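See structure below.
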Amino acid sequence: MKITDYYDGKATRLSFELLPPLRGSSIGAVYSTIDRLKEFNPACINITYHREERVTIQRPDGSIENRIIKKRPGTVGIAAAIHHKYGIDVVPHIICGGFSKQETEDALIDLDFLGIHNLLVLRGDGDKGTGVFRARPDGHTYAVDLVRQIMDMNRGIYLDNYLDNYLDNPSPTTFSLGVAGYPEKHYEAPGMESDLYYLKMKVDAGAEYIVTQMFFDNSVFFGFVRRCREAGINVPVVPGLKPVAIKKHLDLLPGVFGVTIPDELAGQIRACKSDKDVYRLGIEWASMQSAGLKKAGVPAIHYYTMSRPDNIVEIVKRVF
Ligand code: FAD
């Protein structure tokens, strides 16, 4: 089922975002997480995609080796495994970073054959060390370019269509796409207006809904939706929520994601004696946000679970 078909205005639905396990870990932890979350009848489970990282390793003899590693492979396999084991709709994330257009097309062909037709299409994070995003020369620079590649496939246009007699009557795919939006603007965007301009470009290119970056003040989200509508972006906007869980989040979340922790929440985090207290506070705050969003009739709430669902389970139990 298309994800937007769940957003029929009757009730606020749920989506949960999971990370693929670290390389070498079994899929068991993913299943345990879903076993905890499935009782809430989510519209879908999202699975993140992670690009390669450059790491410096010191060998036993003391010499240094620079390596490129992929810590969390398996997005396509995990999406298929969840879909087939639980019958829940899955939304693998597809990113530009680290991939050539050809590799992306191959992954999309695999997903199509596996019966997975919902995707969240993203540019991907910057380099872990520098924070700067660099596309591969044979890859895409912006999410909109990836949206266009996938929409071309939906029209039966594959990368090698121009080679005479190579593709015999190519079959159109049926992918349905979501994209990311930023209630406080993307950290690289010079301003909200330009960020909304490019968000609209993604929607005009074929994206059918938007999932937002985390935020900690619902009025920021409502203001964002209003500005989207004024800019002519009329697709469903799904709020993304992440409960604060450790004291470090106070600096980490604004620093890495460009989001604001409101003064009231920041004060309460500072007053916590331990991370355990921050964890409890995060549940309280996110429950309050969830209740407000549900009351306002948002199409769904997207929870960033980080594959550690205890706090999310408690929030959802309280509010839904
Ligand atoms: P884009 O839409 O390409 O925008 C990036 C920046 O470029 C913005 O500042 C925008 O204003 C600007 N821009 C856009 N198009 C153009 C253009 N044509 N010309 C000039 N400027 C332009 N990251 C991962 O690596 N893996 C994941 O699984 C993942 N999942 C996510 C899920 C959600 C719900 C969200 C909100 C984010 C997720 N991210 C993930 C993080 C995301 O990849 C980063 O936020 C990334 O920095 C931007 O991605 P984007 O798709 O919004 O990029």
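Ligands are numbered from 1 in the order shown, chains are lettered A, B, ... in the order of the structure tokens, and residues start at 1 in each chain.
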
Enumerate as a list in words the residues within 6 Å of ligand 1, counting only C-alpha atoms and all ligand atoms.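 Every residue with an atom at most 6 Å from ligand 1 is listed here: Thr48, Tyr49, His50, His93, Leu122, Arg123, Gly124, Asp125, Tyr142, Ala143, Ala180, Gly181, His186, Glu188, Ala189, Ser194, Asp195, Tyr198, Val211, Thr212 and Gln213 of chain A.
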
For Ile27 (chain A): contacts at 9 Å, only C-alpha atoms, fewer than 6 positions along chain excluded, given as number ranges by chain: A: 20-21, 78

Which of region 5-246 of chain A end up as helix (DSSP H, G or I) when DSSP is run on this backbone - answer as a compact mmCIF listing (two decimals) with N, CA, C and O atoms, in the first residue's frame?
```
# COMPACT_ATOMS: atom_id res chain seq x y z
N ASP A 5 -1.71 6.53 1.31
CA ASP A 5 -3.06 5.98 1.45
C ASP A 5 -3.44 5.81 2.93
O ASP A 5 -4.61 5.75 3.28
N TYR A 6 -2.43 5.71 3.80
CA TYR A 6 -2.70 5.63 5.24
C TYR A 6 -3.13 6.99 5.79
O TYR A 6 -3.73 7.08 6.84
N GLY A 28 18.43 -10.25 14.70
CA GLY A 28 17.57 -10.53 15.85
C GLY A 28 17.14 -9.27 16.59
O GLY A 28 15.99 -9.14 17.01
N ALA A 29 18.08 -8.30 16.73
CA ALA A 29 17.75 -7.08 17.48
C ALA A 29 16.68 -6.27 16.74
O ALA A 29 15.83 -5.63 17.36
N VAL A 30 16.73 -6.31 15.42
CA VAL A 30 15.71 -5.59 14.63
C VAL A 30 14.34 -6.23 14.88
O VAL A 30 13.34 -5.54 15.13
N TYR A 31 14.31 -7.55 14.85
CA TYR A 31 13.04 -8.25 15.09
C TYR A 31 12.53 -7.97 16.51
O TYR A 31 11.33 -7.77 16.71
N SER A 32 13.45 -7.95 17.50
CA SER A 32 12.99 -7.68 18.88
C SER A 32 12.37 -6.29 18.96
O SER A 32 11.38 -6.08 19.66
N THR A 33 12.98 -5.33 18.25
CA THR A 33 12.43 -3.96 18.25
C THR A 33 11.03 -3.96 17.63
O THR A 33 10.09 -3.37 18.19
N ILE A 34 10.89 -4.63 16.52
CA ILE A 34 9.57 -4.62 15.86
C ILE A 34 8.54 -5.39 16.69
O ILE A 34 7.38 -5.00 16.76
N ASP A 35 8.99 -6.45 17.36
CA ASP A 35 8.07 -7.18 18.24
C ASP A 35 7.47 -6.26 19.30
O ASP A 35 6.33 -6.43 19.72
N ARG A 36 8.26 -5.26 19.73
CA ARG A 36 7.76 -4.30 20.73
C ARG A 36 6.82 -3.27 20.10
O ARG A 36 5.95 -2.71 20.76
N LEU A 37 7.06 -2.95 18.82
CA LEU A 37 6.34 -1.82 18.20
C LEU A 37 5.11 -2.23 17.40
O LEU A 37 4.23 -1.42 17.13
N LYS A 38 5.05 -3.50 17.01
CA LYS A 38 4.00 -3.89 16.06
C LYS A 38 2.59 -3.79 16.65
O LYS A 38 1.63 -3.58 15.92
N GLU A 39 2.47 -3.89 17.99
CA GLU A 39 1.14 -3.82 18.61
C GLU A 39 0.46 -2.47 18.36
O GLU A 39 -0.74 -2.32 18.49
N PHE A 40 1.25 -1.46 17.98
CA PHE A 40 0.68 -0.13 17.74
C PHE A 40 0.20 0.04 16.30
O PHE A 40 -0.18 1.13 15.90
N THR A 75 20.36 -2.29 4.44
CA THR A 75 19.04 -1.65 4.43
C THR A 75 18.03 -2.40 3.55
O THR A 75 16.89 -2.65 3.97
N VAL A 76 18.46 -2.77 2.35
CA VAL A 76 17.53 -3.42 1.42
C VAL A 76 17.10 -4.78 1.97
O VAL A 76 15.91 -5.13 2.00
N GLY A 77 18.08 -5.54 2.48
CA GLY A 77 17.78 -6.88 3.02
C GLY A 77 16.87 -6.81 4.23
O GLY A 77 15.92 -7.60 4.37
N ILE A 78 17.13 -5.84 5.11
CA ILE A 78 16.31 -5.72 6.32
C ILE A 78 14.89 -5.30 5.95
O ILE A 78 13.91 -5.82 6.50
N ALA A 79 14.78 -4.38 5.00
CA ALA A 79 13.44 -3.94 4.56
C ALA A 79 12.65 -5.15 4.07
O ALA A 79 11.49 -5.36 4.44
N ALA A 80 13.29 -5.96 3.24
CA ALA A 80 12.60 -7.12 2.67
C ALA A 80 12.25 -8.13 3.77
O ALA A 80 11.14 -8.68 3.80
N ALA A 81 13.19 -8.34 4.69
CA ALA A 81 12.95 -9.32 5.76
C ALA A 81 11.76 -8.89 6.62
O ALA A 81 10.89 -9.71 6.95
N ILE A 82 11.70 -7.60 6.98
CA ILE A 82 10.59 -7.12 7.81
C ILE A 82 9.27 -7.25 7.06
O ILE A 82 8.26 -7.71 7.60
N HIS A 83 9.30 -6.82 5.81
CA HIS A 83 8.09 -6.85 4.99
C HIS A 83 7.52 -8.27 4.91
O HIS A 83 6.32 -8.49 5.07
N HIS A 84 8.42 -9.23 4.70
CA HIS A 84 7.94 -10.60 4.50
C HIS A 84 7.62 -11.29 5.83
O HIS A 84 6.70 -12.10 5.88
N LYS A 85 8.32 -10.95 6.91
CA LYS A 85 8.06 -11.61 8.20
C LYS A 85 6.79 -11.06 8.85
O LYS A 85 6.01 -11.79 9.43
N TYR A 86 6.59 -9.73 8.76
CA TYR A 86 5.50 -9.10 9.52
C TYR A 86 4.35 -8.61 8.65
O TYR A 86 3.30 -8.24 9.16
N LYS A 101 24.87 6.68 -9.82
CA LYS A 101 23.49 6.54 -10.32
C LYS A 101 23.21 5.08 -10.70
O LYS A 101 22.12 4.57 -10.53
N GLN A 102 24.26 4.43 -11.25
CA GLN A 102 24.10 3.03 -11.68
C GLN A 102 23.85 2.12 -10.47
O GLN A 102 22.95 1.27 -10.51
N GLU A 103 24.62 2.32 -9.39
CA GLU A 103 24.40 1.50 -8.18
C GLU A 103 23.01 1.75 -7.62
O GLU A 103 22.34 0.82 -7.15
N THR A 104 22.58 3.00 -7.66
CA THR A 104 21.23 3.33 -7.17
C THR A 104 20.19 2.61 -8.02
O THR A 104 19.25 2.02 -7.49
N GLU A 105 20.37 2.65 -9.34
CA GLU A 105 19.40 1.97 -10.20
C GLU A 105 19.35 0.48 -9.88
O GLU A 105 18.27 -0.12 -9.80
N ASP A 106 20.52 -0.12 -9.65
CA ASP A 106 20.55 -1.56 -9.33
C ASP A 106 19.81 -1.84 -8.02
O ASP A 106 19.06 -2.81 -7.91
N ALA A 107 20.03 -0.98 -7.01
CA ALA A 107 19.34 -1.17 -5.72
C ALA A 107 17.83 -1.02 -5.91
O ALA A 107 17.03 -1.76 -5.31
N LEU A 108 17.44 -0.08 -6.75
CA LEU A 108 16.00 0.13 -6.99
C LEU A 108 15.38 -1.05 -7.72
O LEU A 108 14.24 -1.44 -7.45
N ILE A 109 16.15 -1.65 -8.61
CA ILE A 109 15.65 -2.85 -9.31
C ILE A 109 15.46 -3.98 -8.29
O ILE A 109 14.43 -4.67 -8.30
N ASP A 110 16.42 -4.15 -7.38
CA ASP A 110 16.27 -5.16 -6.32
C ASP A 110 15.00 -4.89 -5.52
O ASP A 110 14.21 -5.81 -5.26
N LEU A 111 14.80 -3.64 -5.10
CA LEU A 111 13.62 -3.30 -4.28
C LEU A 111 12.33 -3.57 -5.04
O LEU A 111 11.36 -4.10 -4.48
N ASP A 112 12.33 -3.23 -6.31
CA ASP A 112 11.14 -3.46 -7.14
C ASP A 112 10.82 -4.96 -7.19
O ASP A 112 9.68 -5.38 -6.98
N PHE A 113 11.86 -5.78 -7.41
CA PHE A 113 11.65 -7.23 -7.49
C PHE A 113 11.20 -7.79 -6.15
O PHE A 113 10.49 -8.79 -6.08
N ALA A 143 18.88 15.67 -3.24
CA ALA A 143 17.80 14.68 -3.20
C ALA A 143 16.88 14.81 -4.41
O ALA A 143 16.39 13.80 -4.93
N VAL A 144 16.66 16.04 -4.88
CA VAL A 144 15.74 16.23 -6.01
C VAL A 144 16.23 15.47 -7.25
O VAL A 144 15.42 14.95 -8.04
N ASP A 145 17.55 15.37 -7.41
CA ASP A 145 18.09 14.65 -8.58
C ASP A 145 17.77 13.16 -8.48
O ASP A 145 17.49 12.49 -9.48
N LEU A 146 17.82 12.65 -7.25
CA LEU A 146 17.49 11.24 -7.02
C LEU A 146 15.99 11.00 -7.21
O LEU A 146 15.57 9.99 -7.79
N VAL A 147 15.18 11.95 -6.75
CA VAL A 147 13.73 11.86 -6.98
C VAL A 147 13.48 11.76 -8.49
O VAL A 147 12.70 10.91 -8.95
N ARG A 148 14.18 12.58 -9.25
CA ARG A 148 13.96 12.58 -10.71
C ARG A 148 14.39 11.26 -11.34
O ARG A 148 13.72 10.75 -12.24
N GLN A 149 15.50 10.69 -10.86
CA GLN A 149 15.94 9.39 -11.41
C GLN A 149 14.85 8.34 -11.16
O GLN A 149 14.52 7.54 -12.04
N ILE A 150 14.30 8.34 -9.94
CA ILE A 150 13.30 7.31 -9.60
C ILE A 150 12.00 7.56 -10.38
O ILE A 150 11.38 6.62 -10.88
N MET A 151 11.61 8.82 -10.50
CA MET A 151 10.39 9.11 -11.26
C MET A 151 10.57 8.74 -12.74
O MET A 151 9.62 8.33 -13.40
N ASP A 152 11.80 8.87 -13.25
CA ASP A 152 12.07 8.41 -14.62
C ASP A 152 11.82 6.91 -14.72
O ASP A 152 11.18 6.44 -15.66
N MET A 153 12.30 6.15 -13.71
CA MET A 153 12.06 4.70 -13.73
C MET A 153 10.57 4.40 -13.70
O MET A 153 10.10 3.44 -14.32
N ASN A 154 9.81 5.23 -12.97
CA ASN A 154 8.34 5.04 -12.93
C ASN A 154 7.72 5.28 -14.30
O ASN A 154 6.58 4.88 -14.55
N MET A 192 15.03 30.15 5.28
CA MET A 192 13.86 29.29 5.14
C MET A 192 13.28 29.36 3.73
O MET A 192 12.83 28.36 3.18
N GLU A 193 13.32 30.57 3.16
CA GLU A 193 12.70 30.74 1.84
C GLU A 193 13.37 29.84 0.80
O GLU A 193 12.71 29.16 0.02
N SER A 194 14.71 29.83 0.82
CA SER A 194 15.41 29.02 -0.17
C SER A 194 15.20 27.53 0.13
O SER A 194 15.02 26.72 -0.78
N ASP A 195 15.16 27.16 1.41
CA ASP A 195 14.94 25.75 1.74
C ASP A 195 13.55 25.29 1.26
O ASP A 195 13.40 24.18 0.74
N LEU A 196 12.55 26.16 1.44
CA LEU A 196 11.20 25.81 0.98
C LEU A 196 11.14 25.74 -0.55
O LEU A 196 10.42 24.93 -1.13
N TYR A 197 11.92 26.59 -1.20
CA TYR A 197 11.98 26.58 -2.67
C TYR A 197 12.44 25.21 -3.16
O TYR A 197 11.84 24.61 -4.05
N TYR A 198 13.50 24.69 -2.50
CA TYR A 198 14.02 23.38 -2.93
C TYR A 198 13.13 22.23 -2.44
O TYR A 198 13.06 21.19 -3.09
N LEU A 199 12.44 22.44 -1.33
CA LEU A 199 11.49 21.42 -0.88
C LEU A 199 10.36 21.29 -1.91
O LEU A 199 9.96 20.19 -2.28
N LYS A 200 9.90 22.44 -2.38
CA LYS A 200 8.82 22.42 -3.39
C LYS A 200 9.31 21.74 -4.68
O LYS A 200 8.57 21.01 -5.33
N MET A 201 10.60 21.96 -4.98
CA MET A 201 11.16 21.33 -6.18
C MET A 201 11.09 19.80 -6.06
O MET A 201 10.78 19.09 -7.03
N LYS A 202 11.33 19.28 -4.84
CA LYS A 202 11.27 17.82 -4.63
C LYS A 202 9.83 17.32 -4.80
O LYS A 202 9.59 16.26 -5.37
N VAL A 203 8.89 18.12 -4.30
CA VAL A 203 7.47 17.72 -4.40
C VAL A 203 7.02 17.81 -5.86
O VAL A 203 6.38 16.90 -6.39
N ASP A 204 7.39 18.89 -6.53
CA ASP A 204 7.01 19.04 -7.94
C ASP A 204 7.62 17.93 -8.80
O ASP A 204 7.06 17.52 -9.81
N ALA A 205 8.79 17.42 -8.36
CA ALA A 205 9.45 16.34 -9.12
C ALA A 205 8.76 15.00 -8.89
O ALA A 205 9.01 14.05 -9.62
N ASN A 218 6.08 22.38 19.25
CA ASN A 218 5.08 22.12 18.21
C ASN A 218 4.74 23.36 17.39
O ASN A 218 4.39 23.25 16.22
N SER A 219 4.84 24.54 18.00
CA SER A 219 4.48 25.74 17.24
C SER A 219 5.44 25.93 16.05
O SER A 219 5.06 26.49 15.02
N VAL A 220 6.66 25.43 16.19
CA VAL A 220 7.63 25.50 15.07
C VAL A 220 7.12 24.63 13.91
O VAL A 220 7.17 25.02 12.74
N PHE A 221 6.61 23.45 14.26
CA PHE A 221 6.07 22.56 13.21
C PHE A 221 4.84 23.17 12.54
O PHE A 221 4.74 23.20 11.31
N PHE A 222 3.92 23.70 13.35
CA PHE A 222 2.69 24.27 12.77
C PHE A 222 3.04 25.46 11.86
O PHE A 222 2.44 25.64 10.80
N GLY A 223 4.02 26.25 12.28
CA GLY A 223 4.46 27.38 11.46
C GLY A 223 5.06 26.90 10.14
O GLY A 223 4.84 27.50 9.08
N PHE A 224 5.79 25.80 10.21
CA PHE A 224 6.41 25.23 9.01
C PHE A 224 5.33 24.76 8.02
O PHE A 224 5.41 25.05 6.82
N VAL A 225 4.33 24.06 8.55
CA VAL A 225 3.26 23.57 7.66
C VAL A 225 2.57 24.77 7.00
O VAL A 225 2.28 24.75 5.79
N ARG A 226 2.33 25.81 7.79
CA ARG A 226 1.68 27.01 7.23
C ARG A 226 2.53 27.59 6.09
O ARG A 226 2.03 27.90 5.02
N ARG A 227 3.83 27.66 6.31
CA ARG A 227 4.71 28.23 5.28
C ARG A 227 4.78 27.33 4.05
O ARG A 227 4.88 27.81 2.92
N CYS A 228 4.72 26.01 4.28
CA CYS A 228 4.67 25.08 3.14
C CYS A 228 3.44 25.37 2.29
O CYS A 228 3.52 25.47 1.06
N ARG A 229 2.29 25.50 2.96
CA ARG A 229 1.04 25.74 2.21
C ARG A 229 1.12 27.05 1.45
O ARG A 229 0.71 27.14 0.29
N GLU A 230 1.67 28.09 2.10
CA GLU A 230 1.80 29.40 1.43
C GLU A 230 2.73 29.30 0.22
O GLU A 230 2.57 30.02 -0.75
```

Residues near Gly240 (chain A), cut-off 8 Å, only C-alpha atoms, skip fewer than 2 positions along chain, as a ChimeraX atom specification: /A:211-215,238,242,301-304

Residue among A:Gly87, A:Gly62, A:Gly24, A:Lys276 lying closest to Pro42 (chain A), counting only C-alpha atoms: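 Nearest to Pro42 (chain A): A:Gly87.
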
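Restricting the calculation to only C-alpha atoms, the smallest distance between Val319 (chain A) and any of A:Lys185, A:Arg13, A:Arg54, A:Lys2 is found for A:Arg13.
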
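Omitting Glu52 (chain A) and its sequence neighbours fewer than 6 positions away, and counting only C-alpha atoms, the residues within 12 Å are Arg23, Arg67, Ile68, Ile69, Lys70, Lys71, Arg72, Pro73, Ile95, Cys96, Gly97, Gly98, Phe99, Gly124, Asp125, Gly126, Asp127, Lys128 and Gly129 of chain A.
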
With C-alpha atoms kept, could you save the residues just selected as a PDB file, in the first residue's frame?
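Output (result-v2.pdb):
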```pdb
ATOM      1  CA  ARG A  23      28.072  -4.922  10.686  1.00  0.00           C
ATOM      2  CA  ARG A  67      40.245   2.627   5.636  1.00  0.00           C
ATOM      3  CA  ILE A  68      36.793   3.142   4.213  1.00  0.00           C
ATOM      4  CA  ILE A  69      34.202   1.099   6.063  1.00  0.00           C
ATOM      5  CA  LYS A  70      30.441   0.721   6.004  1.00  0.00           C
ATOM      6  CA  LYS A  71      29.292   0.225   9.577  1.00  0.00           C
ATOM      7  CA  ARG A  72      25.600  -0.352   8.942  1.00  0.00           C
ATOM      8  CA  PRO A  73      24.991  -2.238   5.705  1.00  0.00           C
ATOM      9  CA  ILE A  95      20.480   8.317  -0.349  1.00  0.00           C
ATOM     10  CA  CYS A  96      22.681  10.095  -2.887  1.00  0.00           C
ATOM     11  CA  GLY A  97      25.865  10.062  -0.792  1.00  0.00           C
ATOM     12  CA  GLY A  98      28.334   7.312  -1.616  1.00  0.00           C
ATOM     13  CA  PHE A  99      26.385   5.910  -4.556  1.00  0.00           C
ATOM     14  CA  GLY A 124      22.383  11.787   2.922  1.00  0.00           C
ATOM     15  CA  ASP A 125      24.563  13.141   5.675  1.00  0.00           C
ATOM     16  CA  GLY A 126      27.885  14.827   5.129  1.00  0.00           C
ATOM     17  CA  ASP A 127      31.245  13.220   5.698  1.00  0.00           C
ATOM     18  CA  LYS A 128      31.507  12.077   9.365  1.00  0.00           C
ATOM     19  CA  GLY A 129      34.782  13.916   9.917  1.00  0.00           C
TER      20      GLY A 129
END
```

Would you list the contacts of region 172-177 of chain A as a PDB file with N, CA, C and O atoms, in the first residue's frame, taking every protein, DNA or RNA residue within 6 Å and counting only C-alpha atoms, but skipping same-chain residues closer than 2 positions in sequence?
```
ATOM      1  N   HIS A 117       7.892  -0.795  -2.608  1.00  0.00           N
ATOM      2  CA  HIS A 117       7.651   0.310  -3.533  1.00  0.00           C
ATOM      3  C   HIS A 117       7.516   1.664  -2.856  1.00  0.00           C
ATOM      4  O   HIS A 117       7.158   2.646  -3.509  1.00  0.00           O
ATOM      5  N   ASN A 118       7.746   1.716  -1.538  1.00  0.00           N
ATOM      6  CA  ASN A 118       7.753   2.998  -0.832  1.00  0.00           C
ATOM      7  C   ASN A 118       9.189   3.334  -0.445  1.00  0.00           C
ATOM      8  O   ASN A 118       9.892   2.480   0.106  1.00  0.00           O
ATOM      9  N   LEU A 119       9.596   4.563  -0.703  1.00  0.00           N
ATOM     10  CA  LEU A 119      10.977   4.978  -0.411  1.00  0.00           C
ATOM     11  C   LEU A 119      10.976   6.364   0.212  1.00  0.00           C
ATOM     12  O   LEU A 119      10.129   7.192  -0.122  1.00  0.00           O
ATOM     13  N   LEU A 120      11.934   6.609   1.112  1.00  0.00           N
ATOM     14  CA  LEU A 120      12.193   7.982   1.561  1.00  0.00           C
ATOM     15  C   LEU A 120      13.508   8.392   0.896  1.00  0.00           C
ATOM     16  O   LEU A 120      14.527   7.727   1.066  1.00  0.00           O
ATOM     17  N   MET A 153      12.298   6.152 -13.706  1.00  0.00           N
ATOM     18  CA  MET A 153      12.064   4.700 -13.734  1.00  0.00           C
ATOM     19  C   MET A 153      10.570   4.398 -13.698  1.00  0.00           C
ATOM     20  O   MET A 153      10.100   3.443 -14.317  1.00  0.00           O
ATOM     21  N   ASN A 154       9.814   5.229 -12.970  1.00  0.00           N
ATOM     22  CA  ASN A 154       8.343   5.038 -12.927  1.00  0.00           C
ATOM     23  C   ASN A 154       7.718   5.283 -14.302  1.00  0.00           C
ATOM     24  O   ASN A 154       6.583   4.880 -14.547  1.00  0.00           O
ATOM     25  N   ARG A 155       8.467   5.969 -15.175  1.00  0.00           N
ATOM     26  CA  ARG A 155       7.978   6.181 -16.550  1.00  0.00           C
ATOM     27  C   ARG A 155       8.654   5.206 -17.515  1.00  0.00           C
ATOM     28  O   ARG A 155       8.557   5.363 -18.732  1.00  0.00           O
ATOM     29  N   GLY A 156       9.401   4.251 -16.965  1.00  0.00           N
ATOM     30  CA  GLY A 156      10.077   3.256 -17.820  1.00  0.00           C
ATOM     31  C   GLY A 156      11.378   3.767 -18.409  1.00  0.00           C
ATOM     32  O   GLY A 156      11.905   3.195 -19.363  1.00  0.00           O
ATOM     33  N   ALA A 207       7.632  13.818  -5.256  1.00  0.00           N
ATOM     34  CA  ALA A 207       7.486  13.344  -3.871  1.00  0.00           C
ATOM     35  C   ALA A 207       6.041  13.541  -3.409  1.00  0.00           C
ATOM     36  O   ALA A 207       5.443  14.581  -3.677  1.00  0.00           O
ATOM     37  N   GLU A 208       5.503  12.549  -2.703  1.00  0.00           N
ATOM     38  CA  GLU A 208       4.078  12.588  -2.342  1.00  0.00           C
ATOM     39  C   GLU A 208       3.835  12.972  -0.896  1.00  0.00           C
ATOM     40  O   GLU A 208       2.701  13.194  -0.490  1.00  0.00           O
TER      41      GLU A 208
END
```

When distances are computed from only C-alpha atoms, which of A:Ile3, A:Ile116, A:Ala286, A:Ala266 shows the smallest separation from Asn311 (chain A)?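 Checking each candidate against Asn311 (chain A), we get A:Ala286 as the closest.
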
Kindly give the distance, in Å, that separates CA of Tyr209 (chain A) and CA of Lys10 (chain A), rounded to a single decimal.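 Spanning CA of Tyr209 (chain A) to CA of Lys10 (chain A) is a straight-line distance of 16.9 Å.
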
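Note that CA of Asp217 (chain A) and CA of Thr260 (chain A) are 8.5 Å apart.
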